[in-house]
Amino acid sequence: FTIDQNKWFAEQLEWQEEFEGIGAAVQKKDDAVQIQEVYKGTPAAVAWLRPLDAIVEIDGEKTKDLTIGDAVKKIRWPKGTQVKLLIFRWNEKDPLKRVFTVEVTRQNVKIPSVQVEVVGLPWTDKQVAYIEIALIGEQTEALLKQQLAAIQNAKVDGVVLDLRGNGGWYLPKSVEIAAHFIPKWKIIVTGKYSIL
């Protein structure tokens with residue numbers, strides 16, 4: 001990473017629950033910026049953006065030469081203003097609808113990293129803890145620990161861990177999160193390294 005890329009990456013790991021933007025997680029993919037996840041109730045969701053949509057241009061500037069950090073800076077800030085995105089939706093069956101332009105108004109977006117709800121199972125007397133983790137950043141494991149402590153006295157019969165749309169990000173925190181649900185001393189992740 002360059003110094004700027006490292007700074008941007010570290011900021012993402014902090015995972016601010018509230019920020020100014022459109023409410024979509026993105027990554028650099030080939031010559032475009034690809035949407036990984038569109039969060040519920042955000043300007044991106046209202047604009048009907050979808051995961052796997054490719055952002056080809058931001059306000060008329062092509063994304064192929066932008067770093068992911070530069071692209072995010074152009075999409076976010078300041079709230080109340082609009083950003084114009086040229087979108088390529090590769091999985092659209094109608095060829096005439098694959099490329100389109102959308103204007104999205106930036107707003108204050110709030111996306112909790114961890115949400116927990118105790119849910120009763122229909123037609124039974126059982127209940128489960130439904131845990132949704134939107135993204136794994138620096139604070140996610142601590143937030144999960146708090147939520148698990150809060151539901152400890154609720155008599156739950158199981159846990160549903162919802163990681164759909166989670167862009168991942170931070171492996172050490174992912175391992176700490178997995179350790180809450182996997183028996184001690186079990187292997188969670190392995191890696192292969194080559195020396196060149």
# chains A, B, ... in the order shown; residues from 1 in each chain; ligands from 1
>>> residues_around(residues="Asp30 of chain A", least_positions_apart="3", cutoff="9 Å", atoms="only C-alpha atoms", output="short mmCIF file (atom, residue, chain, number, x, y, z; two decimals) with C-alpha atoms, in the first residue's frame")
data_model
loop_
_atom_site.label_atom_id
_atom_site.label_comp_id
_atom_site.auth_asym_id
_atom_site.auth_seq_id
_atom_site.Cartn_x
_atom_site.Cartn_y
_atom_site.Cartn_z
CA VAL A 33 -15.63 -0.19 -8.99
CA GLN A 34 -17.97 -3.04 -8.12
CA LYS A 64 -10.67 2.36 -14.35
#
>>> residues_around(residues="Ala179 of chain A", least_positions_apart="5", cutoff="12 Å", atoms="only C-alpha atoms", output="VMD selection string")
chain A and resid 141 144 to 145 172 to 174 184 to 189
>>> write_last_selection(atoms="C-alpha atoms", output="JSON list (two decimals), in the first residue's frame")
[["chain", "number", "residue", "atom", "x", "y", "z"],
["A", 141, "GLU", "CA", -15.75, -8.29, 17.80],
["A", 144, "LEU", "CA", -20.53, -8.69, 19.19],
["A", 145, "LYS", "CA", -19.25, -9.50, 22.69],
["A", 172, "PRO", "CA", -7.74, -11.29, 12.78],
["A", 173, "LYS", "CA", -11.13, -9.93, 13.93],
["A", 174, "SER", "CA", -12.93, -12.56, 11.83],
["A", 184, "LYS", "CA", -11.53, -24.09, 21.59],
["A", 185, "TRP", "CA", -8.45, -25.33, 19.73],
["A", 186, "LYS", "CA", -10.33, -26.01, 16.49],
["A", 187, "ILE", "CA", -8.70, -24.69, 13.31],
["A", 188, "ILE", "CA", -10.58, -21.67, 11.97],
["A", 189, "VAL", "CA", -8.37, -20.61, 9.08]]
>>> residues_around(residues="Arg98 of chain A", least_positions_apart="4", cutoff="8 Å", atoms="only C-alpha atoms", output="list in words")
Ile87, Phe88, Arg89, Trp90, Asn91, Glu92, Lys93 and Asp94 of chain A
>>> residues_around(residues="segment 42-56 of chain A", least_positions_apart="5", cutoff="7 Å", atoms="only C-alpha atoms", output="list in words")
Ile22, Gly23, Ala24, Ala32, Val33, Gln34, Ile35, Gln36, Glu37, Lys62, Thr63, Leu85, Leu86, Ile87, Phe88, Arg89, Val104, Thr105, Arg106 and Val109 of chain A
>>> residues_around(residues="Tyr130 of chain A", least_positions_apart="6", cutoff="12 Å", atoms="only C-alpha atoms", output="ChimeraX atom specification")
/A:114-121,144,147-148,151,156-163
>>> closest_residue(among="A:Val38, A:Ile195, A:Ala142, A:Leu135", to="Tyr170 of chain A", atoms="only C-alpha atoms")
A:Leu135
>>> select_by_dssp(residues="segment 38-151 of chain A", states="alpha helix (DSSP H)", output="PyMOL selection string")
chain A and resi 43-46+68-75+140-150
>>> select_by_dssp(residues="chain A", states="strand (DSSP E or B)", output="PyMOL selection string")
chain A and resi 18-21+24-29+32-38+54-58+61-62+82-88+99-105+107-110+114-120+127-133+136+158-162+169
>>> atom_distance(atom1="atom CA of Val72 of chain A", atom2="atom CA of Glu18 of chain A")
15.3 Å
>>> closest_residue(among="A:Lys110, A:Ala154, A:Leu143, A:Ser194", to="Lys40 of chain A", atoms="only C-alpha atoms")
A:Lys110
>>> closest_residue(among="A:Val83, A:Ile131, A:Ile136, A:Val26", to="Leu171 of chain A", atoms="only C-alpha atoms")
A:Ile136
>>> atom_distance(atom1="atom CA of Ala129 of chain A", atom2="atom CA of Asn153 of chain A")
11.5 Å
>>> closest_residue(among="A:Glu138, A:Asp70, A:Asp65, A:Glu57", to="Val99 of chain A", atoms="only C-alpha atoms")
A:Glu57
>>> closest_residue(among="A:Thr67, A:Ile58, A:Ser113, A:Lys97", to="Lys84 of chain A", atoms="only C-alpha atoms")
A:Ile58
>>> atom_distance(atom1="atom CA of Gln107 of chain A", atom2="atom CA of Gly80 of chain A")
5.9 Å
